Each structure stands twice: as structure tokens, then as C-alpha cells.
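A short write-up of the structure that comes next.
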Amino acid sequence: MTTLPQNTKKRLGLAIDLDTCVGCHACVISCKEWNTSNYGAPLSDVDAYGAAPDGTFLNRVHTFEVKADGSNAQTVHFPKSCLHCEDAPCVTVCPTGASYKRTEDGIVLVNEADCMGCGLCAWACPYGARELDKVEGVMKKCTLCVDRIYNENIPEEDRVPSCVRTCPAGARHFGDFADPESNVSKLSAERGGLVLMEAQGTKPVNRYLPPRPKADVSGDAQIDMPNPFLTPATTKPEGFLGWLDSALEKI
Amino acid sequence: MHPAPSVIIFTSLSGIGFGLMAWLGFGFPPATGMTAFIFFFIAYALAVGGLIASTFHLGNPKNAIKAFSQWRSSWLSREGIMAIVSLFVMAVYAIGLIFLEQRWQIFGWAGAIFSLVTIYTTSMIYGQMKTVPRWSMGLTPALFLLYALAGGALLAGQVFPAALLLTVLTVVQYVSWQIGDTRFEQSRHTIETATGLGSLGKVRLLESPHSSPNYLMKEMVYIVGRKHAQKLRIIAIVLLGIVPAVILLFVPFSHMFAGVAVLSHMIGLFISRWLFFAEAEHVVGLYYDKR
Ligand code: SF4
Ligand code: SF4
Ligand code: SF4
């Protein structure tokens, strides 16, 4: 059913920290690994070792440079997966009923048994979160690892999305945005979580935590770039060695 | 957006086919028997041919039948249903005219109105896309309806209505291009709003997330071929509107010149539909620092 639920009990999603993401693409790989072998059809790769490799991924990491006038440029790694929008246009455009938003937790999914691969939902998504699989001909998107988060066959600490579990920098946080006391709601409130392309009216659930302000080191000639925050170690030896040192200096 | 031949053929042929059907349904020309057969044959061939072409871009066509289920929310689903309804209602009218010399006008009117609604639903598949600012404006459905009515009048041999509609179409197409050119700027989507990083400064893409183009870039960040857009616009507008209108108004009627007018219009229609896709910029391009 491609009409959207009025509201969902939970609003599960991710808070992605643009300050700590190091751009290692580990989440991209772990997402691909988990999702190619679990929910739905595998995520194909075409010409993987050739001149023009092309594959399906549910999560991608862009790297941007941000520069304000008169200050240094800053690199921001930017992981992007489905934002599980409240007003998901990808769901309402779907003619077959394959795309839907779950009432219980707000996760947006594709039922591949119904999808005809028309690609209209990918057109409707402003964020590029949907990719049509070349081999299977059906639409693939982030499932918020629905087959992990409720999965009682795996250890409790693994019941979070694969990308969250994998991130070595702890940049991806999973939780319920409908609960103001949840980790993600608090993080987003504390750090001023960003909404992407608000003017599209999609009301994304995921939030992006903006990079923290950087220390301005541009004007300070004294600063030791490799070790800016360490005080220089004492170099004056004491005792016998001190005497030897000064004696030798005099020669 | 990627100008896939299947969608260009689909929107062009179905549009003009249902446009012709609308004229026939309203009783223009009031043909019966063999003449009616030829007119309806052309209309069905175009409309159905276009619909069949549209299935060629499906990744998983075995589920196409399910596309009739989501009319509550989906314009594509509505389009499928309206197309089938129009074709059936019109078939009843056509059978009366061709085989029984009977004019069941109620079916004609109903079929004509359903045909126009079908064209409107087609246009809304594109017109609803907020992600493509050039498409998401009221002129999109107006343009599709005008194309269908003008092309339909031309095929139905309605000389003066066709000349008039072709002239109006030419003007509206020109205006749509002019306004369309400003839509992306007006939508105020930039790489800064896409990333949310505008408060920190100017944003540019430093490194692409993947080393070769993916589905998104092939499908939605189509920028090659826009180079000749201005020239193609001029060619399109001359062929689709000006040449046929001049032939209709100033050249004494002959089947050969009517054929030339139709051919010219069809070529212009295909070029303008190619531009409709190729020139459309999707906001996802912002994440790739491309439009
Ligand atoms: S991010 Fe895109 S695919 Fe995900 S819910 Fe929003 S519109 Fe749909
Ligand atoms: S590609 Fe599949 S999920 Fe997407 S709109 Fe078409 S049928 Fe629905
Ligand atoms: S939640 Fe799961 S499917 Fe979504 S990006 Fe993370 S690993 Fe991939």
C-alpha cells in the first residue's frame, strides 16, 4: 500500500556525525556485505574488475570541501543512505505497491516480489538513496537493517544496523527519533542535527550532526604543526650528566 | 534526466494517439465504415504502441500487471488504469461506427474525455516530481495536453483547429522552455542545502563516492548532449509547429502535403520530448556537484 501512514509509533533512523566520520568507507562495505546476503535479492556488481565497474550500494560516502572566505578549507566526509522520510515521495509514486513505509517503526522498504523496476521511486527521491539493480531489475535501498535490529538469533550487541556496528569512528548512531530521550534525539538536539534539503518537504528522519568548529591555527607562527598541543619537553639534563654537558659545551 | 528512447516513444506516441482518439470521440471527423476503421486503427496503433514501448524500460516487467493497483497515490498507476479504460470505452464506440454504421455518441464523449484524462495522468508522472524543478510546474500538463490535442487534430484532418492549436502549442512550448530555464534557480536547491553545510562556507565535491558512474548518475545526472540544446530547440519548434501550421493554412490541401505536415510535426515532437528529458536537472546531481 503506497499511501503513507499518518504517523508511525517509532521513527527509527540514523544520526550521522560529520565531525567524526573519517571517510574510510567501512560502512559502505559492511552494508553491502550484510545486505547482499540477507534481505531480498543480492546487490550485484557488473564488470567489477573491468574498465567501468558498476554496482549496487545502499550507502555511499561523498567527500566535500567546505571553505569560508578567509579561513582554511575543511574536509567533510558525508555518508549517505536512505533517510526514511516521514513524507516519503518514493512511496507514494510507486504504482505496484512494492514501496511502503512501515507503520510500526517508519522504516521505508521495497517488497521485491511486487516491484516492476520502473525506477520512478528513484526519480522521486531527492537524496539518491535508491538504486535499481542491473542484474535483478528491482529497486534496492537501505533497509535500516530490519533483519538485524529485531533479530534474536544474533547477539544483542549486533542488533543494530551493520553500518553502525562497523563504523570504527563511531560516527553512525541508530535509534528512535520519536523518543526525545533516545540517544539519537539527544545527540541531534545537542549538536543541532541537520535536515537535508528541507525545501523538498520530505521530512527526513535521519539527522546529520554538523562538524564542530575547528581551532584557527592560521595566524600562529609559533605553533608546532605536528604537535600543536604538547609543551616542549625539558631538554636540560641535570646532575652528573648536566655537569658533563656544560663541561663539554665549554671545550 | 536520461532521455531513454522507450520513454520518449511512450510519451510521444501515446500522447498523439490519445489526442486523435479524443477528436474521433467528439465526432471529428464524423467518419463511419472503412474510413472510421483507418482513423481508429491509427489511433490505437499509436496509443497502444506507446504503451508497449513504456514497458521496455522496466527492470522486472513480469510485475507490470501490479501497476494497476495503487491508483490512490500513484500517477503512474492512474495512467495505466485510465489508458485501459479509454481504450475499452473507445472500442465500443469504434465498433458501432465501423461495423454497424451506428454512432453511440455517449461512448464517444466518454472515451474522448477519458483519453484527455489519460494524457493528464501521463503528464503528472513528470509534473509531480519536485526533484526535477523544470518538470514540476503547471505548464507541464498544459503542454502535454496541447501536444496531444494539436497532434490529434492534425491526424484527424481538422485543418483550422489544428493550425490554431499548433500555433498555441508553439508559443506555450517556447514559454515553457524560458520558464523552465529558471526553475532550478528558483527552487533554491544548492550543494549547500543538499549537504546542510552552507553555514560553514562554500561547498564543493572533493572526492566522488565511487570511481565510475553509477545508476544514479546514468539515470539522473545526464549532462552530455545539452550542448546543442539551443539549436535543437529552434529545429524542434520550426518542425513541430511552424511548418505544419504554414502548410495547413497556406498550401492547398493535398494528401502529400498533409503527410509532410504530419511527418514534420512528429519529428519536432520527438526532438522536443528528447529535450524534455535531456534538459531536466534532478536535484540529486547536487551531491555530485553536477547538474
Ligand atoms: S531518503 Fe529517498 S528513498 Fe529514503 S525515504 Fe526519503 S525519499 Fe524515500
Ligand atoms: S521501481 Fe519498484 S519500488 Fe520503485 S516505483 Fe517502480 S515498482 Fe515501485
Ligand atoms: S542501515 Fe543497514 S542497509 Fe542501511 S546503510 Fe546501514 S548497513 Fe546499509
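Here, A, B, ... name the chains of the C-alpha cells in the order displayed, residue numbers run from 1 inside each chain, and ligands are numbered from 1 in the same displayed order.
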Every residue of region 28-195 of chain A that DSSP places in strand (DSSP E or B), as a PDB file with N, CA and C atoms, in the first residue's frame:
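So the final result, stored in selection-v4.pdb, reads:
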ATOM      1  N   ASP A  45      27.266  -6.692  -8.801  1.00  0.00           N
ATOM      2  CA  ASP A  45      28.370  -5.915  -9.349  1.00  0.00           C
ATOM      3  C   ASP A  45      28.511  -6.336 -10.800  1.00  0.00           C
ATOM      4  N   VAL A  46      28.648  -5.354 -11.671  1.00  0.00           N
ATOM      5  CA  VAL A  46      28.816  -5.660 -13.087  1.00  0.00           C
ATOM      6  C   VAL A  46      30.197  -5.161 -13.493  1.00  0.00           C
ATOM      7  N   ASP A  54      30.422  -1.238 -12.096  1.00  0.00           N
ATOM      8  CA  ASP A  54      29.124  -0.654 -11.777  1.00  0.00           C
ATOM      9  C   ASP A  54      28.436  -1.598 -10.801  1.00  0.00           C
ATOM     10  N   GLY A  55      28.084  -1.118  -9.654  1.00  0.00           N
ATOM     11  CA  GLY A  55      27.447  -1.998  -8.696  1.00  0.00           C
ATOM     12  C   GLY A  55      26.367  -1.291  -7.906  1.00  0.00           C
ATOM     13  N   ASN A  59      24.495   2.531   0.468  1.00  0.00           N
ATOM     14  CA  ASN A  59      25.123   3.536   1.307  1.00  0.00           C
ATOM     15  C   ASN A  59      26.384   3.967   0.581  1.00  0.00           C
ATOM     16  N   ARG A  60      26.582   5.278   0.469  1.00  0.00           N
ATOM     17  CA  ARG A  60      27.753   5.785  -0.264  1.00  0.00           C
ATOM     18  C   ARG A  60      28.367   6.912   0.545  1.00  0.00           C
ATOM     19  N   VAL A  61      29.655   7.102   0.440  1.00  0.00           N
ATOM     20  CA  VAL A  61      30.300   8.183   1.175  1.00  0.00           C
ATOM     21  C   VAL A  61      30.888   9.205   0.194  1.00  0.00           C
ATOM     22  N   HIS A  62      30.306  10.386   0.200  1.00  0.00           N
ATOM     23  CA  HIS A  62      30.828  11.503  -0.596  1.00  0.00           C
ATOM     24  C   HIS A  62      31.838  12.259   0.261  1.00  0.00           C
ATOM     25  N   THR A  63      32.771  12.940  -0.382  1.00  0.00           N
ATOM     26  CA  THR A  63      33.682  13.786   0.383  1.00  0.00           C
ATOM     27  C   THR A  63      33.622  15.207  -0.168  1.00  0.00           C
ATOM     28  N   PHE A  64      33.265  16.129   0.715  1.00  0.00           N
ATOM     29  CA  PHE A  64      33.128  17.525   0.305  1.00  0.00           C
ATOM     30  C   PHE A  64      34.230  18.370   0.923  1.00  0.00           C
ATOM     31  N   GLU A  65      34.452  19.516   0.287  1.00  0.00           N
ATOM     32  CA  GLU A  65      35.342  20.500   0.869  1.00  0.00           C
ATOM     33  C   GLU A  65      34.494  21.736   1.160  1.00  0.00           C
ATOM     34  N   VAL A  66      34.639  22.274   2.364  1.00  0.00           N
ATOM     35  CA  VAL A  66      33.893  23.473   2.730  1.00  0.00           C
ATOM     36  C   VAL A  66      34.895  24.561   3.035  1.00  0.00           C
ATOM     37  N   LYS A  67      34.641  25.741   2.481  1.00  0.00           N
ATOM     38  CA  LYS A  67      35.580  26.825   2.727  1.00  0.00           C
ATOM     39  C   LYS A  67      34.815  28.130   2.865  1.00  0.00           C
ATOM     40  N   GLN A  74      38.012  22.935   4.735  1.00  0.00           N
ATOM     41  CA  GLN A  74      37.788  21.852   5.675  1.00  0.00           C
ATOM     42  C   GLN A  74      37.212  20.681   4.895  1.00  0.00           C
ATOM     43  N   THR A  75      37.659  19.484   5.194  1.00  0.00           N
ATOM     44  CA  THR A  75      37.147  18.306   4.506  1.00  0.00           C
ATOM     45  C   THR A  75      36.020  17.693   5.322  1.00  0.00           C
ATOM     46  N   VAL A  76      34.927  17.363   4.659  1.00  0.00           N
ATOM     47  CA  VAL A  76      33.813  16.730   5.358  1.00  0.00           C
ATOM     48  C   VAL A  76      33.422  15.457   4.613  1.00  0.00           C
ATOM     49  N   HIS A  77      33.572  14.334   5.271  1.00  0.00           N
ATOM     50  CA  HIS A  77      33.130  13.069   4.692  1.00  0.00           C
ATOM     51  C   HIS A  77      31.652  12.917   4.989  1.00  0.00           C
ATOM     52  N   PHE A  78      30.922  12.433   4.006  1.00  0.00           N
ATOM     53  CA  PHE A  78      29.469  12.554   4.063  1.00  0.00           C
ATOM     54  C   PHE A  78      28.792  11.245   3.653  1.00  0.00           C
ATOM     55  N   PRO A  79      28.540  10.361   4.620  1.00  0.00           N
ATOM     56  CA  PRO A  79      27.872   9.095   4.289  1.00  0.00           C
ATOM     57  C   PRO A  79      26.401   9.364   3.969  1.00  0.00           C
ATOM     58  N   LYS A  80      25.888   8.679   2.976  1.00  0.00           N
ATOM     59  CA  LYS A  80      24.501   8.930   2.564  1.00  0.00           C
ATOM     60  C   LYS A  80      23.780   7.620   2.289  1.00  0.00           C
ATOM     61  N   SER A  81      22.719   7.397   3.042  1.00  0.00           N
ATOM     62  CA  SER A  81      21.848   6.240   2.810  1.00  0.00           C
ATOM     63  C   SER A  81      20.421   6.751   2.962  1.00  0.00           C
ATOM     64  N   SER A  99       6.766  -0.345  -2.854  1.00  0.00           N
ATOM     65  CA  SER A  99       7.388   0.547  -1.877  1.00  0.00           C
ATOM     66  C   SER A  99       6.390   0.861  -0.775  1.00  0.00           C
ATOM     67  N   TYR A 100       6.837   0.787   0.447  1.00  0.00           N
ATOM     68  CA  TYR A 100       5.931   1.107   1.547  1.00  0.00           C
ATOM     69  C   TYR A 100       6.701   1.594   2.761  1.00  0.00           C
ATOM     70  N   LYS A 101       5.966   2.233   3.657  1.00  0.00           N
ATOM     71  CA  LYS A 101       6.558   2.708   4.906  1.00  0.00           C
ATOM     72  C   LYS A 101       5.868   1.976   6.028  1.00  0.00           C
ATOM     73  N   VAL A 108      11.269   2.528   5.643  1.00  0.00           N
ATOM     74  CA  VAL A 108      10.798   2.506   4.249  1.00  0.00           C
ATOM     75  C   VAL A 108      11.455   1.324   3.547  1.00  0.00           C
ATOM     76  N   LEU A 109      10.627   0.462   2.975  1.00  0.00           N
ATOM     77  CA  LEU A 109      11.141  -0.762   2.363  1.00  0.00           C
ATOM     78  C   LEU A 109      10.577  -0.974   0.968  1.00  0.00           C
ATOM     79  N   VAL A 110      11.234  -1.858   0.209  1.00  0.00           N
ATOM     80  CA  VAL A 110      10.717  -2.290  -1.088  1.00  0.00           C
ATOM     81  C   VAL A 110      10.430  -3.789  -0.987  1.00  0.00           C
ATOM     82  N   ARG A 130      18.133   5.451  -3.678  1.00  0.00           N
ATOM     83  CA  ARG A 130      17.619   4.212  -4.272  1.00  0.00           C
ATOM     84  C   ARG A 130      18.370   3.902  -5.548  1.00  0.00           C
ATOM     85  N   GLU A 131      18.736   2.669  -5.722  1.00  0.00           N
ATOM     86  CA  GLU A 131      19.421   2.258  -6.937  1.00  0.00           C
ATOM     87  C   GLU A 131      18.742   1.009  -7.496  1.00  0.00           C
ATOM     88  N   LEU A 132      18.505   1.042  -8.806  1.00  0.00           N
ATOM     89  CA  LEU A 132      17.900  -0.107  -9.460  1.00  0.00           C
ATOM     90  C   LEU A 132      19.002  -1.123  -9.747  1.00  0.00           C
ATOM     91  N   MET A 139      14.270  -2.564  -7.408  1.00  0.00           N
ATOM     92  CA  MET A 139      14.797  -1.412  -6.704  1.00  0.00           C
ATOM     93  C   MET A 139      15.402  -1.828  -5.370  1.00  0.00           C
ATOM     94  N   LYS A 140      16.608  -1.310  -5.102  1.00  0.00           N
ATOM     95  CA  LYS A 140      17.279  -1.607  -3.835  1.00  0.00           C
ATOM     96  C   LYS A 140      17.442  -0.321  -3.039  1.00  0.00           C
ATOM     97  N   LYS A 141      17.317  -0.448  -1.757  1.00  0.00           N
ATOM     98  CA  LYS A 141      17.532   0.701  -0.883  1.00  0.00           C
ATOM     99  C   LYS A 141      17.875   0.230   0.512  1.00  0.00           C
ATOM    100  N   ARG A 172      28.190   6.699  13.243  1.00  0.00           N
ATOM    101  CA  ARG A 172      26.798   6.423  12.887  1.00  0.00           C
ATOM    102  C   ARG A 172      26.076   5.927  14.127  1.00  0.00           C
ATOM    103  N   HIS A 173      24.957   6.584  14.457  1.00  0.00           N
ATOM    104  CA  HIS A 173      24.186   6.229  15.653  1.00  0.00           C
ATOM    105  C   HIS A 173      22.786   5.844  15.232  1.00  0.00           C
ATOM    106  N   PHE A 174      22.292   4.773  15.833  1.00  0.00           N
ATOM    107  CA  PHE A 174      20.970   4.256  15.467  1.00  0.00           C
ATOM    108  C   PHE A 174      20.028   4.422  16.643  1.00  0.00           C
ATOM    109  N   GLY A 175      18.777   4.821  16.387  1.00  0.00           N
ATOM    110  CA  GLY A 175      17.825   4.932  17.477  1.00  0.00           C
ATOM    111  C   GLY A 175      16.474   5.425  17.006  1.00  0.00           C
ATOM    112  N   ASP A 176      15.618   5.748  17.984  1.00  0.00           N
ATOM    113  CA  ASP A 176      14.236   6.142  17.715  1.00  0.00           C
ATOM    114  C   ASP A 176      14.084   7.647  17.900  1.00  0.00           C
ATOM    115  N   LEU A 194      21.270  18.364  11.395  1.00  0.00           N
ATOM    116  CA  LEU A 194      20.856  18.998  10.140  1.00  0.00           C
ATOM    117  C   LEU A 194      19.811  18.156   9.406  1.00  0.00           C
TER     118      LEU A 194
END
Just need the residues of chain A within 8 Å of chain B, counting only C-alpha atoms, so spit them out as a VMD selection string. chain A and resid 1 to 3 52 to 56 60 to 69 75 92 to 97 114 to 119 123 to 128 131 to 132 134 136 to 138 194 to 200 210
Mind pulling up the distance from CA of Gly23 (chain A) to atom 3 (S, counted along the ligand's line) of ligand 3?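 According to the coordinates, atom 3 (S, counted along the ligand's line) of ligand 3 and CA of Gly23 (chain A) are separated by 17.6 Å.
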All residues 9 Å or closer to Leu249 (chain B), only C-alpha atoms, same chain fewer than 5 positions away omitted, as a VMD selection string: chain B and resid 159 to 160 163 244
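In this model, the gap between CA of Leu13 (chain B) and CA of Ala47 (chain B) comes to 6.0 Å.
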Test item: residues no farther than 9 Å from ligand 3, counting only C-alpha atoms and all ligand atoms, as JSON, numbers by chain: {"A": [13, 14, 27, 28, 29, 30, 31, 32, 33, 34, 35, 57, 58, 59, 60, 79, 80, 81, 82, 141, 142, 143, 144, 145, 146, 147, 148, 160, 161, 162, 163, 164, 165, 166, 172, 174]}
Contacts of Ile16 (chain A) at 6 Å or less, counting only C-alpha atoms, minus same-chain residues fewer than 3 places along, as a PyMOL selection string? chain A and resi 171-172+208-209
Just want the 12 Å neighbourhood of region 98-108 of chain B, counted on only C-alpha atoms, with same-chain residues fewer than 5 positions away dropped. Output as an MDAnalysis selection string. chainID B and resid 21:28 30:41 85:93 113:115
Do you have the CA of Pro29 (chain B)-CA of Ser14 (chain B) distance handy?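 Spanning CA of Pro29 (chain B) to CA of Ser14 (chain B) is a straight-line distance of 19.9 Å.
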Return the single residue from A:Ser182, A:Ser246, A:Ser71, A:Asn206 that is closest to ligand 1, with distances computed using only C-alpha atoms and all ligand atoms.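 Between A:Ser182, A:Ser246, A:Ser71, A:Asn206, the residue approaching ligand 1 most closely is A:Asn206.
The residue that comes closest to Gly157 (chain B), out of B:Lys227, B:Lys218, B:His255, B:Arg233 and on the basis of only C-alpha atoms, is B:His255.
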